[in-house]
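Undergrad: My structure is below; once you've seen it, I'll send some questions.
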Amino acid sequence: MAAPAPDPTVTAPAPSLAGLLEALQDVLGQARELAATSPATIECGTYTMTEAARRLGISRTMAYDLARRGEFPVRVLQVGERMLVPRTLLERYIGGDPDPRPRLRVV
């Protein structure tokens, strides 16, 4: 004989606010543990033009204008429609290196 179908008018009791808060705190604790053991961000070898502009203390619009005119202080990579700035070159330029081009190592 088949089991009777559950009564659709009977519902589970709604969780209490204290129960929801406790569950949320558990999830936040797990997220903190994960964040502590994982890198917060993935270090990328490039900056976006917006990030590069912030590092240089100029507007995003000015950064794009300089790049389009070929006057950006370091080489700019164009990937599709995106413009990216190599992180090491920009850091060298900001650090005062008069020639921030990549160094070639002779082996």
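We label chains A, B, ... in the order they appear in the structure tokens, count residues from 1 in each chain, and number ligands from 1 in the order shown.
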Name all residues at most 12 Å from region 54-65 of chain A (count only C-alpha atoms; drop same-chain ones fewer than 5 positions away) and give them as a PyMOL selection string.
TA: chain A and resi 47-49+70-74+76-78+81-85+87+90-95
Undergrad: Write out as a ChimeraX atom specification the set of residues from region 40-101 of chain A that DSSP, computed on the backbone, places in strand (DSSP E).
TA: /A:46-48,77-79,82-86
Undergrad: What is the distance between CA of Gly45 (chain A) and CA of Arg69 (chain A), in Å to one decimal?
TA: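 Between CA of Gly45 (chain A) and CA of Arg69 (chain A) the gap is 23.4 Å.
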Undergrad: One decimal, Å: what's the distance from CA of Cys44 (chain A) over to CA of Pro86 (chain A), could you say?
TA: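 Between CA of Cys44 (chain A) and CA of Pro86 (chain A) the gap is 9.2 Å.
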